[in-house]
Each structure stands twice: as C-alpha cells, then as structure tokens.
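Have a look at work-v4.txt; it's compact mmCIF, C-alpha atoms:
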# COMPACT_ATOMS: atom_id res chain seq x y z
CA MET A 1271 -9.05 -16.79 -24.11
CA VAL A 1272 -7.50 -17.73 -20.77
CA THR A 1273 -6.91 -21.47 -20.61
CA GLY A 1274 -6.09 -23.59 -17.59
CA LEU A 1275 -6.93 -20.83 -15.11
CA ALA A 1276 -10.12 -19.85 -13.32
CA GLU A 1277 -11.47 -16.92 -15.32
CA SER A 1278 -12.78 -13.68 -13.92
CA ARG A 1279 -14.34 -10.60 -15.46
CA PHE A 1280 -11.12 -8.85 -14.48
CA ASP A 1281 -9.25 -11.02 -16.97
CA ALA A 1282 -11.08 -9.14 -19.73
CA VAL A 1283 -8.70 -6.21 -19.26
CA GLU A 1284 -7.21 -5.52 -22.69
CA LEU A 1285 -3.66 -4.32 -23.20
CA SER A 1286 -4.77 -1.95 -25.97
CA LEU A 1287 -6.99 -0.11 -23.48
CA LEU A 1288 -4.32 -0.05 -20.77
CA GLU A 1289 -1.79 1.51 -23.11
CA ARG A 1290 -4.18 4.41 -23.77
CA ARG A 1291 -4.60 5.26 -20.09
CA ASP A 1292 -3.22 8.67 -19.08
CA GLY A 1293 -2.66 7.96 -15.38
CA GLU A 1294 0.85 7.75 -13.95
CA LYS A 1295 1.24 3.97 -14.24
CA TRP A 1296 0.81 3.60 -18.00
CA ALA A 1297 1.62 7.15 -19.12
CA HIS A 1298 5.16 6.81 -17.76
CA ALA A 1299 5.84 3.51 -19.52
CA PRO A 1300 7.71 3.98 -22.82
CA ALA A 1301 5.96 2.78 -25.97
CA GLY A 1302 5.89 -1.00 -26.18
CA VAL A 1303 6.78 -1.41 -22.50
CA LEU A 1304 4.37 -3.15 -20.10
CA ALA A 1305 3.74 -1.17 -16.90
CA ALA A 1306 4.13 -3.05 -13.62
CA TRP A 1307 5.67 -0.43 -11.37
CA VAL A 1308 3.51 2.04 -9.40
CA ALA A 1309 0.83 0.54 -7.12
CA ASP A 1310 -2.31 1.04 -9.21
CA MET A 1311 -4.44 -1.91 -10.29
CA ASP A 1312 -5.36 -2.35 -13.95
CA PHE A 1313 -8.93 -3.32 -13.08
CA PRO A 1314 -11.94 -1.06 -13.78
CA VAL A 1315 -13.47 0.88 -10.91
CA LEU A 1316 -16.27 -0.55 -8.79
CA PRO A 1317 -19.47 0.24 -10.78
CA ALA A 1318 -21.26 1.55 -7.69
CA ILE A 1319 -18.54 4.18 -7.26
CA ARG A 1320 -18.83 5.27 -10.87
CA ASP A 1321 -22.61 5.57 -10.55
CA ALA A 1322 -22.39 7.48 -7.26
CA LEU A 1323 -19.95 10.00 -8.73
CA ALA A 1324 -22.24 10.53 -11.71
CA ARG A 1325 -25.22 11.15 -9.42
CA ARG A 1326 -23.21 13.60 -7.34
CA ALA A 1327 -22.12 15.48 -10.47
CA GLU A 1328 -25.75 15.73 -11.58
CA SER A 1329 -27.05 16.90 -8.21
CA ASP A 1330 -24.65 19.12 -6.25
CA LEU A 1331 -20.99 20.06 -6.64
CA GLY A 1332 -21.20 22.97 -4.24
CA TYR A 1333 -19.41 23.38 -0.93
CA PRO A 1334 -19.43 20.16 1.16
CA ALA A 1335 -21.98 19.94 3.96
CA TRP A 1336 -19.36 19.52 6.68
CA PHE A 1337 -17.50 22.58 7.96
CA ASP A 1338 -14.70 20.56 9.54
CA ASP A 1339 -14.12 16.97 10.68
CA SER A 1340 -13.36 17.57 14.36
CA ASP A 1341 -16.21 15.21 15.25
CA GLY A 1342 -15.08 12.53 12.78
CA GLY A 1343 -16.70 14.14 9.76
CA PRO A 1344 -18.73 12.22 7.17
CA LEU A 1345 -16.31 9.25 7.18
CA GLY A 1346 -16.04 8.70 10.94
CA GLU A 1347 -19.00 6.34 11.32
CA VAL A 1348 -18.30 4.72 7.94
CA TYR A 1349 -14.72 3.91 8.91
CA ALA A 1350 -15.67 2.68 12.38
CA ALA A 1351 -18.45 0.40 11.13
CA ARG A 1352 -16.26 -1.07 8.45
CA THR A 1353 -13.33 -1.67 10.80
CA LEU A 1354 -15.62 -3.50 13.18
CA ARG A 1355 -17.14 -5.59 10.40
CA ARG A 1356 -13.88 -6.60 8.74
CA PHE A 1357 -11.31 -6.55 11.54
CA ASP A 1358 -13.39 -7.07 14.68
CA PHE A 1359 -12.26 -3.79 16.21
CA ALA A 1360 -14.47 -0.84 17.16
CA PRO A 1361 -12.55 2.45 16.89
CA ASP A 1362 -14.05 5.72 18.12
CA PRO A 1363 -15.63 7.39 15.05
CA THR A 1364 -15.11 10.87 16.49
CA SER A 1365 -11.32 10.32 16.38
CA VAL A 1366 -11.27 10.12 12.56
CA ARG A 1367 -9.71 12.96 10.56
CA MET A 1368 -9.69 13.28 6.76
CA PHE A 1369 -6.71 13.96 4.50
CA THR A 1370 -6.04 13.92 0.78
CA ASP A 1371 -3.65 10.98 1.07
CA ILE A 1372 -1.64 8.93 3.55
CA ASN A 1373 1.57 10.87 2.94
CA GLN A 1374 -0.18 14.11 3.89
CA ALA A 1375 -1.66 12.50 7.00
CA MET A 1376 1.74 11.19 8.03
CA ALA A 1377 3.42 14.56 7.42
CA ALA A 1378 0.77 16.45 9.40
CA THR A 1379 1.02 13.98 12.30
CA LEU A 1380 4.79 14.17 12.51
CA HIS A 1381 4.64 17.97 12.20
CA VAL A 1382 2.38 18.40 15.24
CA ALA A 1383 3.65 15.47 17.36
CA THR A 1384 7.44 15.72 16.97
CA GLU A 1385 10.22 18.28 16.68
CA PRO A 1386 13.04 18.69 14.15
CA GLY A 1387 15.82 16.29 15.09
CA ASP A 1388 13.45 13.67 16.54
CA ALA A 1389 13.78 10.12 15.22
CA VAL A 1390 11.27 7.73 13.65
CA LEU A 1391 11.80 3.98 14.01
CA LEU A 1392 10.77 2.04 10.89
CA ASN A 1393 11.45 -1.02 8.76
CA THR A 1394 13.14 -1.08 5.38
CA PRO A 1395 12.73 -1.46 2.46
CA ILE A 1396 10.07 1.20 2.64
CA THR A 1397 7.87 3.11 0.19
CA PRO A 1398 9.90 6.09 -1.12
CA PRO A 1399 7.57 8.96 -0.08
CA PHE A 1400 7.71 8.03 3.61
CA VAL A 1401 11.43 8.61 4.10
CA ASP A 1402 11.12 11.75 1.96
CA VAL A 1403 8.45 13.09 4.32
CA ILE A 1404 10.58 12.31 7.37
CA GLU A 1405 13.69 13.96 5.97
CA ARG A 1406 11.93 17.04 4.58
CA LEU A 1407 10.42 17.64 8.01
CA GLY A 1408 13.89 17.53 9.55
CA ARG A 1409 13.30 14.26 11.38
CA ARG A 1410 15.60 11.21 11.31
CA ALA A 1411 14.81 7.66 10.18
CA LEU A 1412 16.09 4.76 12.28
CA ALA A 1413 15.89 1.75 9.99
CA VAL A 1414 15.66 -1.95 10.77
CA PRO A 1415 15.70 -4.03 7.55
CA PHE A 1416 13.37 -6.93 6.88
CA GLU A 1417 15.15 -10.28 6.74
CA ARG A 1418 14.45 -13.40 4.70
CA THR A 1419 13.46 -16.28 7.00
CA PRO A 1420 12.40 -19.89 6.36
CA ASP A 1421 8.80 -18.70 6.80
CA GLY A 1422 9.05 -15.67 4.53
CA TRP A 1423 9.98 -12.17 5.70
CA GLY A 1424 10.47 -10.98 9.25
CA VAL A 1425 12.07 -8.22 11.29
CA ASP A 1426 14.69 -8.31 14.02
CA LEU A 1427 12.59 -7.26 16.99
CA ASP A 1428 15.66 -7.19 19.28
CA ARG A 1429 17.29 -4.64 17.01
CA MET A 1430 14.12 -2.58 16.99
CA GLU A 1431 14.15 -2.68 20.78
CA ALA A 1432 17.72 -1.38 20.83
CA LEU A 1433 17.00 1.46 18.39
CA ALA A 1434 13.82 2.43 20.26
CA ALA A 1435 16.08 3.42 23.15
CA SER A 1436 18.03 5.85 20.91
CA PRO A 1437 18.08 9.50 21.98
CA ARG A 1438 15.03 11.42 20.74
CA CYS A 1439 13.32 8.39 19.22
CA LYS A 1440 9.69 9.51 19.37
CA VAL A 1441 7.74 7.48 16.80
CA LEU A 1442 7.30 3.87 15.75
CA PHE A 1443 6.20 3.92 12.11
CA LEU A 1444 4.65 0.63 11.07
CA VAL A 1445 3.58 -0.43 7.56
CA ASN A 1446 1.21 -3.37 8.01
CA PRO A 1447 0.68 -5.17 5.69
CA HIS A 1448 4.16 -4.28 4.54
CA ASN A 1449 5.00 -2.76 1.18
CA PRO A 1450 7.04 -4.05 -0.65
CA THR A 1451 7.62 -7.46 1.02
CA GLY A 1452 3.92 -8.26 1.55
CA HIS A 1453 4.54 -9.36 5.14
CA VAL A 1454 1.53 -9.35 7.48
CA PHE A 1455 2.60 -8.76 11.06
CA ARG A 1456 1.54 -11.63 13.30
CA PRO A 1457 -0.28 -11.00 16.60
CA GLY A 1458 2.86 -11.91 18.55
CA GLU A 1459 4.94 -9.41 16.59
CA LEU A 1460 2.34 -6.69 17.11
CA ALA A 1461 2.17 -7.41 20.83
CA ARG A 1462 5.91 -7.03 21.18
CA LEU A 1463 5.97 -3.85 19.10
CA ALA A 1464 3.13 -2.39 21.17
CA ASP A 1465 5.02 -3.26 24.36
CA LEU A 1466 8.14 -1.61 22.95
CA ALA A 1467 6.15 1.55 22.22
CA HIS A 1468 4.71 1.61 25.76
CA ARG A 1469 8.06 1.18 27.49
CA HIS A 1470 9.79 3.82 25.36
CA ASP A 1471 6.76 6.14 25.22
CA LEU A 1472 6.58 6.16 21.43
CA LEU A 1473 3.75 7.45 19.28
CA ILE A 1474 2.69 4.65 16.89
CA VAL A 1475 1.84 5.67 13.32
CA SER A 1476 0.50 2.66 11.42
CA ASP A 1477 -0.06 2.66 7.66
CA GLU A 1478 -2.69 -0.06 7.09
CA VAL A 1479 -3.72 0.81 3.54
CA HIS A 1480 -3.25 -2.79 2.31
CA ALA A 1481 -5.30 -4.31 5.14
CA ASP A 1482 -8.10 -5.39 2.78
CA LEU A 1483 -5.67 -7.30 0.56
CA VAL A 1484 -4.59 -10.06 2.96
CA TYR A 1485 -4.73 -13.68 1.79
CA ARG A 1486 -5.70 -16.71 3.81
CA PRO A 1487 -4.62 -18.10 6.20
CA HIS A 1488 -3.29 -14.70 7.23
CA ARG A 1489 -5.47 -12.08 8.85
CA HIS A 1490 -4.93 -8.37 9.36
CA THR A 1491 -4.84 -7.17 12.97
CA PRO A 1492 -4.92 -3.39 13.54
CA ILE A 1493 -2.20 -2.65 16.08
CA ALA A 1494 -4.62 -0.27 17.82
CA SER A 1495 -6.83 -3.29 18.58
CA THR A 1496 -4.21 -4.99 20.76
CA SER A 1497 -5.10 -2.97 23.88
CA GLU A 1498 -6.78 0.25 25.02
CA GLU A 1499 -3.39 1.64 25.98
CA THR A 1500 -2.05 0.94 22.50
CA ALA A 1501 -5.10 2.50 20.84
CA ALA A 1502 -4.54 5.65 22.90
CA ARG A 1503 -1.06 6.12 21.42
CA THR A 1504 -1.76 5.01 17.82
CA VAL A 1505 -2.56 6.97 14.66
CA THR A 1506 -3.90 4.54 12.04
CA LEU A 1507 -3.72 5.62 8.39
CA THR A 1508 -5.75 4.11 5.55
CA SER A 1509 -7.65 4.87 2.35
CA GLY A 1510 -9.27 3.19 -0.64
CA SER A 1511 -6.29 3.84 -2.90
CA LYS A 1512 -5.07 0.23 -2.98
CA ALA A 1513 -8.01 -2.11 -2.36
CA PHE A 1514 -10.39 -0.05 -4.53
CA ASN A 1515 -7.88 1.54 -6.90
CA LEU A 1516 -8.81 5.08 -5.84
CA ALA A 1517 -5.41 6.78 -5.62
CA GLY A 1518 -6.56 9.53 -8.00
CA ILE A 1519 -9.64 10.30 -5.90
CA ARG A 1520 -7.38 11.78 -3.16
CA CYS A 1521 -9.04 10.75 0.07
CA ALA A 1522 -7.58 9.11 3.19
CA VAL A 1523 -8.44 8.92 6.85
CA ALA A 1524 -6.39 8.97 10.02
CA HIS A 1525 -7.84 7.46 13.17
CA VAL A 1526 -6.05 9.56 15.78
CA GLY A 1527 -6.01 7.83 19.15
CA PRO A 1528 -3.97 10.37 21.20
CA ARG A 1529 -6.20 13.27 22.20
CA GLU A 1530 -3.31 15.77 22.22
CA VAL A 1531 -2.46 14.89 18.61
CA ARG A 1532 -6.11 15.33 17.56
CA VAL A 1533 -6.23 18.75 19.18
CA ALA A 1534 -2.98 19.77 17.51
CA LEU A 1535 -4.16 18.58 14.10
CA ASP A 1536 -7.49 20.38 14.45
CA ALA A 1537 -5.65 23.59 15.27
CA GLN A 1538 -3.81 23.33 11.92
CA ARG A 1539 -6.88 22.57 9.80
CA GLY A 1540 -7.09 25.04 6.94
CA LEU A 1541 -3.46 26.09 7.44
CA LEU A 1542 -1.40 22.98 6.67
CA PHE A 1543 -4.07 21.03 4.83
CA GLY A 1544 -7.49 21.71 3.35
CA GLN A 1545 -10.76 19.88 2.95
CA VAL A 1546 -11.21 16.61 1.15
CA SER A 1547 -13.60 17.01 -1.80
CA ALA A 1548 -17.23 15.92 -1.80
CA LEU A 1549 -16.51 13.57 -4.73
CA ALA A 1550 -13.69 11.91 -2.80
CA VAL A 1551 -15.85 11.33 0.26
CA GLU A 1552 -18.64 9.99 -1.95
CA ALA A 1553 -16.30 7.49 -3.62
CA LEU A 1554 -14.75 6.21 -0.39
CA THR A 1555 -18.13 5.95 1.34
CA VAL A 1556 -19.48 3.75 -1.45
CA ALA A 1557 -16.31 1.64 -1.52
CA TRP A 1558 -16.47 0.98 2.23
CA THR A 1559 -20.23 0.36 2.39
CA GLN A 1560 -21.01 -1.38 -0.93
CA GLY A 1561 -17.73 -2.81 -2.15
CA ASP A 1562 -17.21 -6.05 -0.21
CA ALA A 1563 -18.39 -8.44 -2.94
CA TRP A 1564 -16.35 -6.65 -5.62
CA LEU A 1565 -13.32 -6.69 -3.32
CA ASP A 1566 -13.69 -10.42 -2.69
CA GLU A 1567 -13.58 -11.08 -6.44
CA VAL A 1568 -10.56 -8.84 -6.92
CA ARG A 1569 -8.73 -10.50 -4.06
CA ALA A 1570 -9.39 -13.95 -5.58
CA VAL A 1571 -7.78 -12.81 -8.85
CA LEU A 1572 -4.81 -11.34 -7.00
CA ASP A 1573 -4.44 -14.51 -4.93
CA ARG A 1574 -4.29 -16.54 -8.13
CA ASN A 1575 -1.78 -14.16 -9.70
CA ARG A 1576 0.61 -14.16 -6.73
CA ARG A 1577 0.69 -17.96 -6.83
CA GLN A 1578 1.15 -18.13 -10.60
CA LEU A 1579 4.29 -16.02 -10.28
CA THR A 1580 6.00 -18.92 -8.51
CA ARG A 1581 5.65 -20.86 -11.79
CA TRP A 1582 6.02 -18.06 -14.32
CA LEU A 1583 9.08 -16.18 -12.99
CA PRO A 1584 12.57 -17.41 -13.91
CA ALA A 1585 14.15 -19.65 -11.27
CA GLU A 1586 17.07 -17.21 -10.95
CA ILE A 1587 14.77 -14.56 -9.46
CA GLY A 1588 14.08 -14.94 -5.75
CA TYR A 1589 10.39 -14.54 -4.95
CA VAL A 1590 8.55 -14.98 -1.65
CA VAL A 1591 4.79 -15.29 -2.17
CA PRO A 1592 3.42 -12.23 -0.32
CA ASP A 1593 0.96 -12.61 2.57
CA ALA A 1594 -0.85 -9.51 1.30
CA THR A 1595 -0.82 -6.70 -1.31
CA PHE A 1596 -0.57 -7.03 -5.09
CA LEU A 1597 3.17 -6.38 -5.13
CA ALA A 1598 5.97 -8.90 -5.70
CA TRP A 1599 9.38 -8.08 -4.20
CA LEU A 1600 11.86 -9.69 -6.59
CA ASP A 1601 15.40 -10.58 -5.51
CA CYS A 1602 17.46 -10.24 -8.70
CA ARG A 1603 20.91 -10.34 -7.12
CA ALA A 1604 21.72 -13.79 -8.53
CA LEU A 1605 21.41 -12.32 -12.03
CA ASP A 1606 24.31 -9.93 -11.35
CA LEU A 1607 22.48 -6.95 -12.82
CA GLY A 1608 23.84 -4.41 -10.34
CA GLU A 1609 21.93 -2.32 -7.84
CA ASP A 1610 19.19 -1.35 -10.31
CA PRO A 1611 17.95 -4.44 -12.18
CA TRP A 1612 14.79 -2.59 -13.20
CA LEU A 1613 16.83 -0.86 -15.90
CA PHE A 1614 17.66 -4.24 -17.48
CA PHE A 1615 14.02 -5.30 -17.42
CA ARG A 1616 12.84 -2.00 -18.89
CA ASP A 1617 15.39 -2.02 -21.70
CA ARG A 1618 15.71 -5.73 -22.46
CA ALA A 1619 12.41 -7.28 -21.33
CA LYS A 1620 10.26 -4.21 -22.09
CA VAL A 1621 8.62 -4.46 -18.65
CA LEU A 1622 8.68 -1.43 -16.35
CA LEU A 1623 9.23 -2.46 -12.72
CA PHE A 1624 9.73 -0.22 -9.68
CA ALA A 1625 13.38 0.35 -8.78
CA GLY A 1626 14.36 -1.48 -5.62
CA THR A 1627 16.85 1.24 -4.69
CA ALA A 1628 13.94 3.70 -4.46
CA PHE A 1629 13.00 1.80 -1.28
CA GLY A 1630 16.37 2.52 0.32
CA PRO A 1631 19.70 0.67 0.57
CA ALA A 1632 17.89 -2.56 1.51
CA GLY A 1633 16.41 -2.57 -1.99
CA ALA A 1634 19.69 -2.77 -3.90
CA GLY A 1635 19.51 -5.68 -6.36
CA TYR A 1636 15.71 -5.91 -6.02
CA ALA A 1637 12.78 -4.73 -8.12
CA ARG A 1638 9.05 -4.57 -7.37
CA LEU A 1639 6.46 -6.03 -9.75
CA ASN A 1640 2.77 -5.09 -9.62
CA PHE A 1641 0.67 -8.18 -10.43
CA ALA A 1642 -2.76 -6.49 -10.27
CA THR A 1643 -3.62 -7.12 -13.89
CA SER A 1644 -5.21 -9.73 -16.11
CA ALA A 1645 -3.75 -13.21 -16.42
CA ARG A 1646 -2.83 -12.56 -20.05
CA VAL A 1647 -0.97 -9.30 -19.34
CA LEU A 1648 0.82 -10.82 -16.35
CA ARG A 1649 1.85 -13.86 -18.41
CA SER A 1650 3.19 -11.56 -21.12
CA MET A 1651 5.27 -9.73 -18.51
CA THR A 1652 6.80 -12.93 -17.15
CA GLU A 1653 7.46 -14.33 -20.63
CA ARG A 1654 9.35 -11.16 -21.51
CA ILE A 1655 11.30 -11.29 -18.24
CA ASP A 1656 12.15 -14.95 -18.83
CA ALA A 1657 13.29 -14.25 -22.37
CA ALA A 1658 15.49 -11.36 -21.26
CA VAL A 1659 17.12 -13.45 -18.53
CA ALA A 1660 17.78 -16.15 -21.14
CA GLY A 1661 19.32 -13.60 -23.50
CA GLU A 1662 16.47 -13.79 -26.00
CA GLU A 1663 14.31 -11.13 -27.60
CA PRO A 1664 11.13 -10.09 -25.71
CA VAL A 1665 7.93 -11.95 -26.54
CA PRO A 1666 5.33 -9.74 -28.28
CA ALA A 1667 2.27 -9.27 -26.07
CA ASP A 1668 -0.13 -10.33 -28.82
CA ARG A 1669 1.50 -13.78 -28.99
CA THR A 1670 1.06 -14.63 -25.34
CA GLU A 1671 -0.75 -17.83 -24.50
CA VAL A 1672 -1.87 -18.28 -20.91
CA GLY A 1673 -1.65 -21.91 -19.96
CA PRO A 1674 -2.03 -23.79 -16.67
Target encoding structure tokens, full file:
Amino acid sequence: MVTGLAESRFDAVELSLLERRDGEKWAHAPAGVLAAWVADMDFPVLPAIRDALARRAESDLGYPAWFDDSDGGPLGEVYAARTLRRFDFAPDPTSVRMFTDINQAMAATLHVATEPGDAVLLNTPITPPFVDVIERLGRRALAVPFERTPDGWGVDLDRMEALAASPRCKVLFLVNPHNPTGHVFRPGELARLADLAHRHDLLIVSDEVHADLVYRPHRHTPIASTSEETAARTVTLTSGSKAFNLAGIRCAVAHVGPREVRVALDAQRGLLFGQVSALAVEALTVAWTQGDAWLDEVRAVLDRNRRQLTRWLPAEIGYVVPDATFLAWLDCRALDLGEDPWLFFRDRAKVLLFAGTAFGPAGAGYARLNFATSARVLRSMTERIDAAVAGEEPVPADRTEVGP
C-alpha cells in the first residue's frame, strides 16, 4: 500500500511483472537490478489502444488503404486537429509525412535538405541517436551546452548566434521540451531562435516528442507557431512514443513546412523509407483522439514523482526538477565517481541509469533516471541509491515502504 501519497491506478504496477517484460528497458537490466534508463514508461498501455489493435487484427491486416502520404496521409488531419486543440496552433494537415520513428524522420530530412560537410547547430547534452545520425550522414554537429542557471537550465543564445554564422551551418536542430534536462523553451527564447534562423537562413528541425508531458506553470509552444515565416522553414517531429508509451509501435510524423523539403522527401518515398504499418497508424490515431483523459492522469503521477525526487534523492546529487518529460538529469560530480557514475549505481545500488556520457561530453559526471514508474518502485530505486552513496548495502525492493 502507498501511504502518504495520492494514489493512482498506475501505482499498481508490480515489480514482479516489470521484471518479466521482454522489451529493451527491463530485458537489458541484469537480474536484481531496477531499470530506470531508456525512456519507456512502466505504465500499461491506454486500454482504447489495446482494444483498437485487437479489432484491427480481427478485421483486416491487409495492405493499408493509403498508397502514399503526399497529401498528409491518414494522420494529417488527426495531427492538425490535435495540435490545434492542445497547443493552439493550426498546422496544414497536407504537410504531414509519416515515418517509423523520429530518428528516421530526422535522417531523411537531413539527407534531402543538406549536403555532406554541412553543419547542424544543436544543444548538448543530447539524446545519443541524434548525433549518430548527423555523423553517419557526414554532417557536422555544432554544439552549445545547456547551463545551470538560478531558474533551472538555459542555453547561451549569444553563443548560438555566433555558431549560426559558421561556414556551412544549414540547420538549427531544437529538442523542445529538452531531453535530458527537461527544459521547456520559453516564448522569448523561441522568438530569438526563430529570428536567428531567419537571419542565417537555417532550416529548423524541431523534435517535440515530449510536448504532451509539460508541467504547470509551463506550457509547450511549437516553434512553428511563432510566425508564418518560421512555420515555412520548420520541420516538426513528434510521435506517441513518450506520452503514450508507444515506442515499439514504430510510428512518427513530420510536419514539413518547407515545400521544397516535402517534394524532396516524397521523391524518396519507397527508396529511403517505407510505409508505416496499419497497426501503428491505428494506435497513434486512438492515442491522439481518445487519450487525453488517460494522459492527464499519467501526467499527474509523473508530476508527483518528479517532485518526490527532491526529497528522496541523496543531497549530494544535484537535481533540477524538470519542466517536462519523465527524465531526471542527475549531477553526480560531487560524489567523485568519475565520468560514468551510472556504473557505480548499477553495480552498488542495483539501479540501471542511462550513462551521462552517452549524451556527449556535457554529460560527463551525470546520469539520467527515468521516473515513469509506480511510487513504490521509484522509492525502492532512491533508497538503493541513497544506501550506495552512504556505503551501505542496497535495500531489497520487497522491503520498501513509501511514506510521505
């Protein structure tokens, strides 16, 4: 029983069931180690999605009804209506293109819109696959690190301005809300970044996959919504992989503002990337049309968890409560555990975190903790971490008591 905390049905998640999961998050955790690394939630899928997939399996698993998505495909209107409802912005539904995931969408966009040797301006630390995509395509990353400020995390916009003027800088790549810091870009920051892109004629590629996981008083603002001119140079990437825990369903969308990029992508359809499956489209359609109430409940649990970490983590670990996401970016440098503190926590605390160095040099001495789990599992993680920092043996998960 969870005591002292507001209970939710999502707190019924049992560790014994999690440990039997065969997805990447739990399958890669050694026996007896609690998984808090990759960005999957431990919560069960939205029931309406499960039911819709069952109906689809019973009715028709033949070829999808759409031949291509050059008119926005089956998700164009769904995405546009949802963006208007949740973010007060009305994108053109015919500019939507479908991909299996955000990394594929980013790779395809850079492939058709840039040349080998071109540079991409971005902020670090950054999710590992993004830099991998840039480098494997023969492009260069120009990095501006996030900085700790009295108000949380922020970026040096003057430094971004200077790097935007670098030879062959062609793209501004924005992750908003940001993973792993959880920073939500403020309207003033977005306005300045949009202005920077206009003056240096940069394509904006904006990963907004965590947009549904923003906590009050913060609010997500799509950078494409800041002006018509900005929308015309922005490719917005999103999916249901984070807010609805659908990473394994393999479906993402790109809202492609620049007409020339849309034409170039359409010309590569079937060559560089194939169709998204009917099951994937079914799942994302249901999530975006029927999932708001479920999402509100999930976000309330995550909001509670992010705040509890301020009380449950050892004082020696630096933690800024994130504005968004279900990811805690932990500054472990005061513990003197070297560049990769996640190894200490895996071996001594029996908690698997994501290596900070995987996010680039700015992540040295950091680790990322996924708090999208039940209160009891999260409390067990922090008790183990606390015990390890204190030089004690890890606390068995079955002895965890969740107090106020």
Compile the contact shell of Thr1652 (chain A) as a PDB file with C-alpha atoms, in the coordinates of the input: residues with an atom at most 6 Å away, counting only C-alpha atoms, same-chain residues fewer than 4 positions apart removed.
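Output below, filename result.pdb:
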ATOM      1  CA  TRP A1582       6.020 -18.060 -14.320  1.00  0.00           C
ATOM      2  CA  LEU A1583       9.080 -16.180 -12.990  1.00  0.00           C
ATOM      3  CA  ASP A1656      12.150 -14.950 -18.830  1.00  0.00           C
TER       4      ASP A1656
END
Mind checking which residues fall within 10 Å of Leu1407 (chain A), counting only C-alpha atoms, ignoring those fewer than 5 positions away in the same chain, and posting them as a list of chain:residue names?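 What passes the distance filter is A:Ala1377, A:Ala1378, A:Leu1380, A:His1381, A:Thr1384, A:Glu1385, A:Pro1386, A:Gly1387, A:Asp1388, A:Val1401, A:Asp1402.
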Env of Phe1443 (chain A): 10 Å cut, atoms = all atoms listed in the file, seq-sep filter 2 positions within chain, self excluded. Answer as a ChimeraX atom specification. /A:1376,1390-1393,1400,1411-1412,1440-1441,1445-1446,1472-1477,1504-1505
Please produce a file of the residues just selected, as a PDB file, in the coordinates of the input, where the atoms kept are C-alpha atoms.
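Everything below was put into again14.pdb:
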ATOM      1  CA  MET A1376       1.740  11.190   8.030  1.00  0.00           C
ATOM      2  CA  VAL A1390      11.270   7.730  13.650  1.00  0.00           C
ATOM      3  CA  LEU A1391      11.800   3.980  14.010  1.00  0.00           C
ATOM      4  CA  LEU A1392      10.770   2.040  10.890  1.00  0.00           C
ATOM      5  CA  ASN A1393      11.450  -1.020   8.760  1.00  0.00           C
ATOM      6  CA  PHE A1400       7.710   8.030   3.610  1.00  0.00           C
ATOM      7  CA  ALA A1411      14.810   7.660  10.180  1.00  0.00           C
ATOM      8  CA  LEU A1412      16.090   4.760  12.280  1.00  0.00           C
ATOM      9  CA  LYS A1440       9.690   9.510  19.370  1.00  0.00           C
ATOM     10  CA  VAL A1441       7.740   7.480  16.800  1.00  0.00           C
ATOM     11  CA  VAL A1445       3.580  -0.430   7.560  1.00  0.00           C
ATOM     12  CA  ASN A1446       1.210  -3.370   8.010  1.00  0.00           C
ATOM     13  CA  LEU A1472       6.580   6.160  21.430  1.00  0.00           C
ATOM     14  CA  LEU A1473       3.750   7.450  19.280  1.00  0.00           C
ATOM     15  CA  ILE A1474       2.690   4.650  16.890  1.00  0.00           C
ATOM     16  CA  VAL A1475       1.840   5.670  13.320  1.00  0.00           C
ATOM     17  CA  SER A1476       0.500   2.660  11.420  1.00  0.00           C
ATOM     18  CA  ASP A1477      -0.060   2.660   7.660  1.00  0.00           C
ATOM     19  CA  THR A1504      -1.760   5.010  17.820  1.00  0.00           C
ATOM     20  CA  VAL A1505      -2.560   6.970  14.660  1.00  0.00           C
TER      21      VAL A1505
END
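The space between CA of Leu1427 (chain A) and CA of Ala1360 (chain A) spans 27.8 Å.
With only C-alpha atoms as the atoms that count, the minimum distance from Ala1548 (chain A) to the choices A:Leu1287, A:Cys1521, A:Val1526, A:Val1382 is reached by A:Cys1521.
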For each of A:Met1430, A:Val1414, A:Ala1481, A:Leu1579, take the minimum atom-to-atom distance to Asp1465 (chain A), counting only C-alpha atoms, then give the residue where this is smallest.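 Selected residue with least distance to Asp1465 (chain A): A:Met1430.
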Could you tell me how far CA of Arg1638 (chain A) sits from CA of Trp1599 (chain A), in Å to one decimal place?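 Here the two named atoms are 4.7 Å from each other.
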For C-alpha atoms, please extract region 1502-1540 of chain A from the block and return it as an mmCIF file, in the first residue's frame.
data_model
loop_
_atom_site.group_PDB
_atom_site.id
_atom_site.type_symbol
_atom_site.label_atom_id
_atom_site.label_comp_id
_atom_site.auth_asym_id
_atom_site.auth_seq_id
_atom_site.Cartn_x
_atom_site.Cartn_y
_atom_site.Cartn_z
ATOM 1 C CA ALA A 1502 7.608 27.828 -43.605
ATOM 2 C CA ARG A 1503 11.156 26.858 -42.613
ATOM 3 C CA THR A 1504 10.353 24.348 -39.836
ATOM 4 C CA VAL A 1505 10.104 20.551 -39.814
ATOM 5 C CA THR A 1506 8.360 19.471 -36.598
ATOM 6 C CA LEU A 1507 8.891 15.889 -35.434
ATOM 7 C CA THR A 1508 6.691 14.027 -32.951
ATOM 8 C CA SER A 1509 5.112 10.679 -32.113
ATOM 9 C CA GLY A 1510 3.266 8.844 -29.351
ATOM 10 C CA SER A 1511 6.397 7.055 -28.149
ATOM 11 C CA LYS A 1512 6.816 9.098 -24.963
ATOM 12 C CA ALA A 1513 3.423 10.427 -23.854
ATOM 13 C CA PHE A 1514 1.614 7.178 -24.727
ATOM 14 C CA ASN A 1515 4.484 4.717 -24.311
ATOM 15 C CA LEU A 1516 4.303 3.574 -27.945
ATOM 16 C CA ALA A 1517 7.975 3.345 -28.913
ATOM 17 C CA GLY A 1518 7.527 -0.265 -30.029
ATOM 18 C CA ILE A 1519 4.613 0.619 -32.318
ATOM 19 C CA ARG A 1520 7.038 2.439 -34.676
ATOM 20 C CA CYS A 1521 5.093 5.436 -35.885
ATOM 21 C CA ALA A 1522 6.062 9.119 -36.035
ATOM 22 C CA VAL A 1523 5.054 12.148 -38.039
ATOM 23 C CA ALA A 1524 6.949 15.060 -39.502
ATOM 24 C CA HIS A 1525 5.103 18.282 -40.241
ATOM 25 C CA VAL A 1526 7.214 19.596 -43.113
ATOM 26 C CA GLY A 1527 6.764 23.332 -43.556
ATOM 27 C CA PRO A 1528 9.228 23.978 -46.432
ATOM 28 C CA ARG A 1529 7.646 22.940 -49.722
ATOM 29 C CA GLU A 1530 10.994 22.042 -51.311
ATOM 30 C CA VAL A 1531 11.762 19.627 -48.461
ATOM 31 C CA ARG A 1532 8.328 17.981 -48.829
ATOM 32 C CA VAL A 1533 8.890 17.492 -52.542
ATOM 33 C CA ALA A 1534 12.344 16.029 -51.929
ATOM 34 C CA LEU A 1535 11.049 13.655 -49.259
ATOM 35 C CA ASP A 1536 8.170 12.496 -51.459
ATOM 36 C CA ALA A 1537 10.628 11.732 -54.245
ATOM 37 C CA GLN A 1538 12.490 9.355 -51.889
ATOM 38 C CA ARG A 1539 9.397 7.547 -50.581
ATOM 39 C CA GLY A 1540 9.825 3.815 -51.053
#
